[in-house]
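File shown: query.cif (mmCIF, C-alpha atoms).
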data_my_file
#
loop_
_atom_site.label_atom_id
_atom_site.label_comp_id
_atom_site.auth_asym_id
_atom_site.auth_seq_id
_atom_site.Cartn_x
_atom_site.Cartn_y
_atom_site.Cartn_z
CA MET Q 240 -16.80 5.05 0.89
CA LYS Q 241 -13.11 4.65 0.06
CA VAL Q 242 -10.58 5.85 2.62
CA LEU Q 243 -6.84 6.43 2.39
CA VAL Q 244 -5.03 5.52 5.62
CA LEU Q 245 -1.54 6.74 6.46
CA GLY Q 246 0.28 5.11 9.35
CA GLY Q 247 -1.67 1.87 9.11
CA THR Q 248 1.06 -0.28 10.67
CA GLY Q 249 1.15 1.67 13.93
CA ALA Q 250 -0.74 0.55 17.02
CA THR Q 251 -3.63 2.96 16.39
CA GLY Q 252 -3.45 2.70 12.62
CA LYS Q 253 -4.00 -1.06 12.67
CA GLN Q 254 -7.07 -0.58 14.83
CA LEU Q 255 -8.36 2.01 12.37
CA LEU Q 256 -7.86 -0.34 9.42
CA ILE Q 257 -9.81 -3.06 11.22
CA GLN Q 258 -12.71 -0.78 12.14
CA LEU Q 259 -13.02 0.83 8.72
CA LEU Q 260 -13.07 -2.60 7.08
CA GLU Q 261 -15.61 -3.89 9.61
CA LYS Q 262 -17.85 -0.97 8.66
CA GLY Q 263 -17.70 -2.08 5.04
CA HIS Q 264 -15.47 0.67 3.65
CA GLU Q 265 -12.85 0.19 0.97
CA VAL Q 266 -9.46 1.10 2.35
CA HIS Q 267 -6.18 1.97 0.66
CA ALA Q 268 -3.31 2.02 3.13
CA VAL Q 269 0.19 3.34 2.55
CA VAL Q 270 2.50 1.30 4.80
CA ARG Q 271 6.25 1.02 5.20
CA SER Q 272 6.13 -2.78 5.46
CA ILE Q 273 3.27 -5.10 4.58
CA THR Q 274 4.81 -7.75 6.85
CA SER Q 275 3.94 -5.53 9.83
CA LEU Q 276 0.25 -6.28 9.27
CA PRO Q 277 -1.52 -9.52 10.27
CA ASN Q 278 -2.36 -11.89 7.43
CA GLU Q 279 -6.12 -11.57 7.94
CA LEU Q 280 -5.85 -7.85 7.21
CA VAL Q 281 -3.56 -8.25 4.21
CA GLN Q 282 -5.92 -10.81 2.70
CA ASN Q 283 -9.04 -8.67 3.14
CA GLU Q 284 -10.50 -8.06 -0.33
CA ASN Q 285 -11.51 -4.50 0.61
CA LEU Q 286 -7.95 -3.51 1.57
CA THR Q 287 -5.42 -2.29 -1.00
CA LEU Q 288 -1.85 -1.75 0.14
CA THR Q 289 0.95 0.46 -1.16
CA GLU Q 290 4.30 -0.41 0.41
CA ALA Q 291 6.20 2.87 0.70
CA SER Q 292 6.90 5.83 2.91
CA VAL Q 293 4.28 8.47 2.18
CA LEU Q 294 7.05 11.06 1.85
CA ASP Q 295 8.69 8.96 -0.87
CA LEU Q 296 5.59 8.92 -3.08
CA ASP Q 297 5.79 11.34 -6.00
CA GLU Q 298 3.03 13.90 -6.48
CA THR Q 299 1.44 12.02 -9.39
CA THR Q 300 1.17 8.76 -7.44
CA LEU Q 301 -0.28 10.47 -4.38
CA GLU Q 302 -2.80 12.35 -6.50
CA GLU Q 303 -3.88 9.08 -8.13
CA LEU Q 304 -4.45 7.58 -4.68
CA ILE Q 305 -6.37 10.63 -3.48
CA SER Q 306 -8.51 10.86 -6.63
CA ASP Q 307 -9.88 7.39 -5.92
CA CYS Q 308 -10.80 8.18 -2.29
CA ASP Q 309 -13.46 10.16 -0.43
CA ALA Q 310 -11.47 10.69 2.75
CA ALA Q 311 -8.01 10.30 4.27
CA THR Q 312 -6.78 9.64 7.78
CA SER Q 313 -3.34 10.00 9.30
CA CYS Q 314 -2.16 8.02 12.32
CA LEU Q 315 1.44 8.82 11.51
CA GLY Q 316 3.87 9.38 14.33
CA HIS Q 317 7.51 9.05 15.26
CA ASN Q 318 8.87 5.77 16.61
CA LEU Q 319 9.62 5.80 20.33
CA SER Q 320 13.34 5.25 19.90
CA LEU Q 321 16.35 7.55 19.84
CA ARG Q 322 16.45 7.40 16.05
CA GLY Q 323 12.68 7.77 15.75
CA ILE Q 324 12.53 10.78 18.06
CA PHE Q 325 15.69 12.63 17.09
CA GLY Q 326 16.37 11.40 13.57
CA PRO Q 327 14.79 12.26 10.21
CA PRO Q 328 12.19 12.73 8.92
CA TYR Q 329 11.72 15.55 11.42
CA ARG Q 330 8.42 16.78 9.92
CA LEU Q 331 6.80 13.48 8.97
CA VAL Q 332 3.31 14.35 10.25
CA THR Q 333 3.31 17.92 8.94
CA GLU Q 334 4.72 17.12 5.53
CA ALA Q 335 2.34 14.20 5.05
CA ALA Q 336 -0.63 16.41 5.93
CA ARG Q 337 0.59 19.12 3.59
CA ARG Q 338 1.08 16.67 0.73
CA VAL Q 339 -2.34 15.07 1.21
CA CYS Q 340 -4.04 18.47 1.21
CA SER Q 341 -2.11 19.58 -1.86
CA ALA Q 342 -3.10 16.38 -3.69
CA VAL Q 343 -6.76 16.90 -2.78
CA GLN Q 344 -6.72 20.46 -4.06
CA ASN Q 345 -4.95 19.45 -7.28
CA THR Q 346 -7.44 16.67 -8.03
CA LYS Q 347 -10.44 18.99 -7.44
CA PRO Q 348 -12.85 16.45 -5.90
CA GLU Q 349 -16.51 16.60 -6.89
CA ARG Q 350 -17.58 16.62 -3.25
CA THR Q 351 -15.86 17.82 -0.12
CA PHE Q 352 -12.99 15.58 0.95
CA LYS Q 353 -12.60 14.61 4.64
CA PHE Q 354 -9.22 14.52 6.34
CA VAL Q 355 -8.78 13.24 9.92
CA LEU Q 356 -5.46 13.77 11.68
CA MET Q 357 -4.49 12.07 14.93
CA ASN Q 358 -2.63 14.47 17.20
CA THR Q 359 -2.20 14.98 20.98
CA THR Q 360 -3.70 16.88 23.93
CA GLY Q 361 -0.27 18.45 24.43
CA ASN Q 362 -1.09 20.60 21.41
CA ARG Q 363 -3.33 23.62 22.00
CA ASN Q 364 -6.14 24.74 19.68
CA ARG Q 365 -5.28 28.38 18.91
CA ASP Q 366 -8.84 29.03 17.72
CA LEU Q 367 -10.10 28.60 21.28
CA ASN Q 368 -7.26 30.32 23.11
CA GLU Q 369 -7.05 27.35 25.46
CA LYS Q 370 -5.72 28.23 28.88
CA VAL Q 371 -2.94 26.21 30.47
CA SER Q 372 -0.81 26.87 33.53
CA PHE Q 373 2.45 28.77 33.33
CA ALA Q 374 4.29 25.62 34.40
CA GLN Q 375 2.75 23.61 31.58
CA LEU Q 376 3.56 26.36 29.10
CA CYS Q 377 7.20 26.18 30.17
CA ILE Q 378 7.38 22.40 29.85
CA VAL Q 379 5.60 22.33 26.48
CA GLY Q 380 7.86 25.13 25.27
CA LEU Q 381 10.88 23.05 26.26
CA LEU Q 382 9.44 19.96 24.51
CA ARG Q 383 8.90 22.04 21.40
CA TYR Q 384 12.62 22.70 21.08
CA VAL Q 385 14.06 19.52 22.59
CA ILE Q 386 11.72 16.79 21.27
CA PRO Q 387 11.17 17.22 17.48
CA PRO Q 388 7.98 15.07 17.29
CA HIS Q 389 6.09 17.50 19.53
CA ALA Q 390 6.81 20.44 17.26
CA ASP Q 391 5.86 18.27 14.28
CA ASN Q 392 2.43 17.53 15.78
CA GLU Q 393 1.89 21.21 16.55
CA ASP Q 394 2.89 22.28 13.05
CA ALA Q 395 0.65 19.70 11.37
CA ALA Q 396 -2.43 20.88 13.26
CA GLU Q 397 -1.52 24.52 12.72
CA PHE Q 398 -1.15 23.91 8.99
CA LEU Q 399 -4.71 22.62 8.80
CA ARG Q 400 -6.04 25.40 11.02
CA SER Q 401 -4.36 28.30 9.25
CA ALA Q 402 -3.46 27.18 5.72
CA ILE Q 403 -6.54 25.07 4.93
CA GLY Q 404 -8.85 26.99 7.24
CA HIS Q 405 -12.52 26.53 8.06
CA SER Q 406 -14.25 27.40 4.81
CA ASN Q 407 -12.46 25.34 2.18
CA ASN Q 408 -14.97 23.97 -0.34
CA GLN Q 409 -12.70 21.12 -1.41
CA LEU Q 410 -11.33 19.94 1.92
CA GLU Q 411 -12.57 19.72 5.52
CA TRP Q 412 -10.57 18.43 8.46
CA VAL Q 413 -10.74 17.25 12.06
CA VAL Q 414 -7.74 16.99 14.39
CA VAL Q 415 -8.31 14.26 17.01
CA ARG Q 416 -6.45 14.82 20.29
CA PRO Q 417 -6.14 11.78 22.56
CA ASP Q 418 -4.42 11.92 25.94
CA THR Q 419 -2.00 9.23 27.17
CA LEU Q 420 -2.47 6.31 24.79
CA ILE Q 421 -3.05 2.83 26.22
CA ASP Q 422 -3.90 -0.57 24.75
CA GLU Q 423 -7.31 -2.17 25.33
CA ALA Q 424 -8.90 -5.13 23.57
CA ASN Q 425 -12.35 -3.62 22.97
CA VAL Q 426 -14.02 -0.29 22.31
CA SER Q 427 -15.22 1.19 25.59
CA PRO Q 428 -17.23 4.30 26.55
CA TYR Q 429 -15.37 7.52 25.83
CA SER Q 430 -16.11 11.22 26.00
CA LEU Q 431 -15.39 14.06 23.60
CA HIS Q 432 -14.56 17.66 24.49
CA ALA Q 433 -13.77 20.79 22.52
CA SER Q 434 -10.74 21.41 24.77
CA PRO Q 435 -8.78 19.43 27.36
CA ILE Q 436 -10.51 19.17 30.74
CA ARG Q 437 -7.31 18.25 32.54
CA SER Q 438 -3.61 19.06 32.27
CA ALA Q 439 -1.82 17.00 29.64
CA ILE Q 440 1.36 17.33 31.72
CA PHE Q 441 0.33 17.30 35.38
CA ASP Q 442 -3.01 15.44 35.34
CA ALA Q 443 -3.04 13.42 32.15
CA GLY Q 444 -6.00 11.19 31.35
CA LYS Q 445 -5.97 7.98 29.33
CA THR Q 446 -7.31 7.14 25.91
CA SER Q 447 -7.25 3.66 24.42
CA ARG Q 448 -5.95 3.36 20.89
CA ILE Q 449 -8.99 1.32 19.91
CA ASN Q 450 -11.24 4.18 21.08
CA VAL Q 451 -9.26 6.70 19.04
CA ALA Q 452 -9.64 4.47 15.99
CA ASN Q 453 -13.36 4.10 16.68
CA PHE Q 454 -13.88 7.86 16.82
CA MET Q 455 -11.86 8.42 13.65
CA ALA Q 456 -13.85 5.74 11.81
CA GLU Q 457 -17.13 7.21 13.08
CA LEU Q 458 -16.10 10.65 11.85
CA ILE Q 459 -15.54 9.25 8.37
CA GLU Q 460 -18.89 7.43 8.34
CA ASP Q 461 -21.29 9.65 10.31
CA ASP Q 462 -22.04 12.95 8.58
CA ASP Q 463 -23.80 14.39 11.63
CA LEU Q 464 -20.76 13.66 13.79
CA TRP Q 465 -18.57 15.19 11.11
CA GLN Q 466 -20.63 18.37 11.04
CA THR Q 467 -20.23 18.62 14.83
CA TRP Q 468 -16.43 18.48 14.77
CA LYS Q 469 -15.25 19.66 11.33
CA GLY Q 470 -12.63 22.38 11.58
CA LYS Q 471 -12.17 21.57 15.28
CA MET Q 472 -9.72 19.68 17.46
CA PRO Q 473 -11.80 17.40 19.71
CA VAL Q 474 -10.17 15.84 22.76
CA ILE Q 475 -11.01 12.20 23.49
CA TYR Q 476 -10.72 10.47 26.88
CA ASN Q 477 -11.75 7.07 28.08
CA SER Q 478 -14.82 7.70 30.23
CA THR Q 479 -13.03 6.41 33.33
CA SER Q 480 -10.55 9.27 32.84
CA SER Q 481 -13.10 12.07 32.53
CA PRO Q 482 -16.49 13.22 33.76
CA ASP Q 483 -19.47 11.25 32.49
CA THR Q 484 -19.97 13.09 29.22
CA PRO Q 485 -21.81 11.36 26.37
CA LYS Q 486 -20.23 11.01 22.95
CA ALA Q 487 -21.23 13.94 20.74
#

Would you kindly transcribe this structure into structure tokens?
Amino acid sequence: MKVLVLGGTGATGKQLLIQLLEKGHEVHAVVRSITSLPNELVQNENLTLTEASVLDLDETTLEELISDCDAATSCLGHNLSLRGIFGPPYRLVTEAARRVCSAVQNTKPERTFKFVLMNTTGNRNRDLNEKVSFAQLCIVGLLRYVIPPHADNEDAAEFLRSAIGHSNNQLEWVVVRPDTLIDEANVSPYSLHASPIRSAIFDAGKTSRINVANFMAELIEDDDLWQTWKGKMPVIYNSTSSPDTPKA
């Protein structure tokens, strides 16, 4: 399978590149700077790199990339700096998702295309009417207007949920929602849930970036796992941060 990866130079994106390549997939990554990747990745014969911002690619180029792939993943996010949080592009995640989906629909793939978007537990799944406390609603509402990246994550997931929907013959999607991201050296046991089992604000769990990458790679590869979560927004926690629930 050939997979397009957006955000491959980020902490989670690098882990996803490694795991997809280890599984034997061909990967095409769009990255801002090739020098941000370790040499052993750059030299991998199954990895093709395009050095550019995904928002700077013209429609024809993006469609050419998409037409050669079976799936796409996005680990895009905003840099944790004043410029990254409050400066442009304000809708990086949303606009990238919209452009990928438009390219898929324009190229009319012969079989259903998979799109996996990394998101956050701070974003609610409107399909499930997830309940949160009034205090959390107030804080998230404030974040929505004060911290642009939060609204961007919400809008990206909502675009897939409402504009692409759950019965698109060309394109299926999964929105992966980790809790507080941490770094770990190895994949460890983790659990998956349809909705958060703890407050993202007042009782946040932890999710290692390598586990998020593992789940995203498994979604691409395992059709049974894909059928379980397509059109949904699974929440992923390290098992030490949640009840002992097996991976589904």

Target residues per the PyMOL selection byres ((chain Q and resi 402) around 12), formatted as a list of chain:residue names: Q:Thr333, Q:Ala336, Q:Arg337, Q:Cys340, Q:Ser341, Q:Asp394, Q:Ala395, Q:Ala396, Q:Glu397, Q:Phe398, Q:Leu399, Q:Arg400, Q:Ser401, Q:Ile403, Q:Gly404, Q:His405, Q:Ser406, Q:Asn407, Q:Leu410, Q:Glu411, Q:Trp412, Q:Gly470

What is the atom CA of Q:Met357 to atom CA of Q:Ala250 distance in Å?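 Atom CA of Q:Ala250 lies 12.3 Å from atom CA of Q:Met357.
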
Using the chain letters and residue numbers of this document, give as a PyMOL selection string the residues selected by the PyMOL selection byres ((chain Q and resi 252) around 10). chain Q and resi 244-251+253-258+268+270+312-315+357+448-449+451-452

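The spacing separating atom CA of Q:Ala311 from atom CA of Q:Leu367 amounts to 25.1 Å.
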
Let me know the centre plus edge lengths, in Å and rounded to one decimal, of a box with edges along x, y and z that contains all listed atoms of stretch 427-434 of chain Q and is padded by 3 Å on every side, as JSON.
{"center_x": -14.0, "center_y": 11.3, "center_z": 24.5, "size_x": 12.5, "size_y": 26.2, "size_z": 10.0}

Please provide as a ChimeraX atom specification all residues within 7 Å of Q:Glu265, with the sequence filter that same-chain residues fewer than 5 positions apart are discarded (counting all atoms listed in the file). /Q:240-242,260,285-286

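Using all atoms listed in the file, the smallest distance between any of Q:Leu331, Q:Asn283, Q:Val339, Q:Ser275 and Q:Ser306 comes from Q:Val339.
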
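The shell of residues at most 7 Å from Q:Ala433, with only C-alpha atoms counted and near chain neighbours (fewer than 5 positions) removed, consists of Q:Met472, Q:Pro473, Q:Val474.
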
Just the selected residues (C-alpha atoms), exported as a JSON list (two decimals), in the coordinates of the input, please.
[["chain", "number", "residue", "atom", "x", "y", "z"],
["Q", 472, "MET", "CA", -9.72, 19.68, 17.46],
["Q", 473, "PRO", "CA", -11.80, 17.40, 19.71],
["Q", 474, "VAL", "CA", -10.17, 15.84, 22.76]]

On this structure, which residues satisfy the PyMOL selection byres ((chain Q and resi 273) around 9), written as a PDB file with C-alpha atoms, in the frame of the given file?
ATOM      1  CA  THR Q 248       1.060  -0.280  10.670  1.00  0.00           C
ATOM      2  CA  VAL Q 270       2.500   1.300   4.800  1.00  0.00           C
ATOM      3  CA  ARG Q 271       6.250   1.020   5.200  1.00  0.00           C
ATOM      4  CA  SER Q 272       6.130  -2.780   5.460  1.00  0.00           C
ATOM      5  CA  THR Q 274       4.810  -7.750   6.850  1.00  0.00           C
ATOM      6  CA  SER Q 275       3.940  -5.530   9.830  1.00  0.00           C
ATOM      7  CA  LEU Q 276       0.250  -6.280   9.270  1.00  0.00           C
ATOM      8  CA  PRO Q 277      -1.520  -9.520  10.270  1.00  0.00           C
ATOM      9  CA  VAL Q 281      -3.560  -8.250   4.210  1.00  0.00           C
ATOM     10  CA  LEU Q 288      -1.850  -1.750   0.140  1.00  0.00           C
ATOM     11  CA  THR Q 289       0.950   0.460  -1.160  1.00  0.00           C
ATOM     12  CA  GLU Q 290       4.300  -0.410   0.410  1.00  0.00           C
TER      13      GLU Q 290
END

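Minimum atom-to-atom distance to Q:Lys353, evaluated using all atoms listed in the file, belongs to Q:Gln466 out of Q:Ser430, Q:Ser372, Q:Thr300, Q:Gln466.
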
Would you compute the distance between atom CA of Q:Phe352 and atom CA of Q:Asp309? Give it in Å to one decimal.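 Computing it gives 5.6 Å between the two atoms.
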
For Q:Asn345, the nearest of the candidates Q:Ser438, Q:Asn364, Q:Ser447, Q:Thr299, counting all atoms listed in the file: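 Smallest separation from Q:Asn345 among the options: Q:Thr299.
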
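The smallest atom-to-atom distance between Q:Glu369 and any of Q:Phe454, Q:Gly316, Q:Arg437, Q:Ser478, using all atoms listed in the file, is found for Q:Arg437.
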
For Q:Ala443, the closest of Q:Ala342, Q:Pro417, Q:Asn358, Q:Thr467 counting all atoms listed in the file is Q:Pro417

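The smallest atom-to-atom distance between Q:Glu298 and any of Q:Val343, Q:Leu356, Q:Ile378, Q:Ala424, using all atoms listed in the file, is found for Q:Val343.
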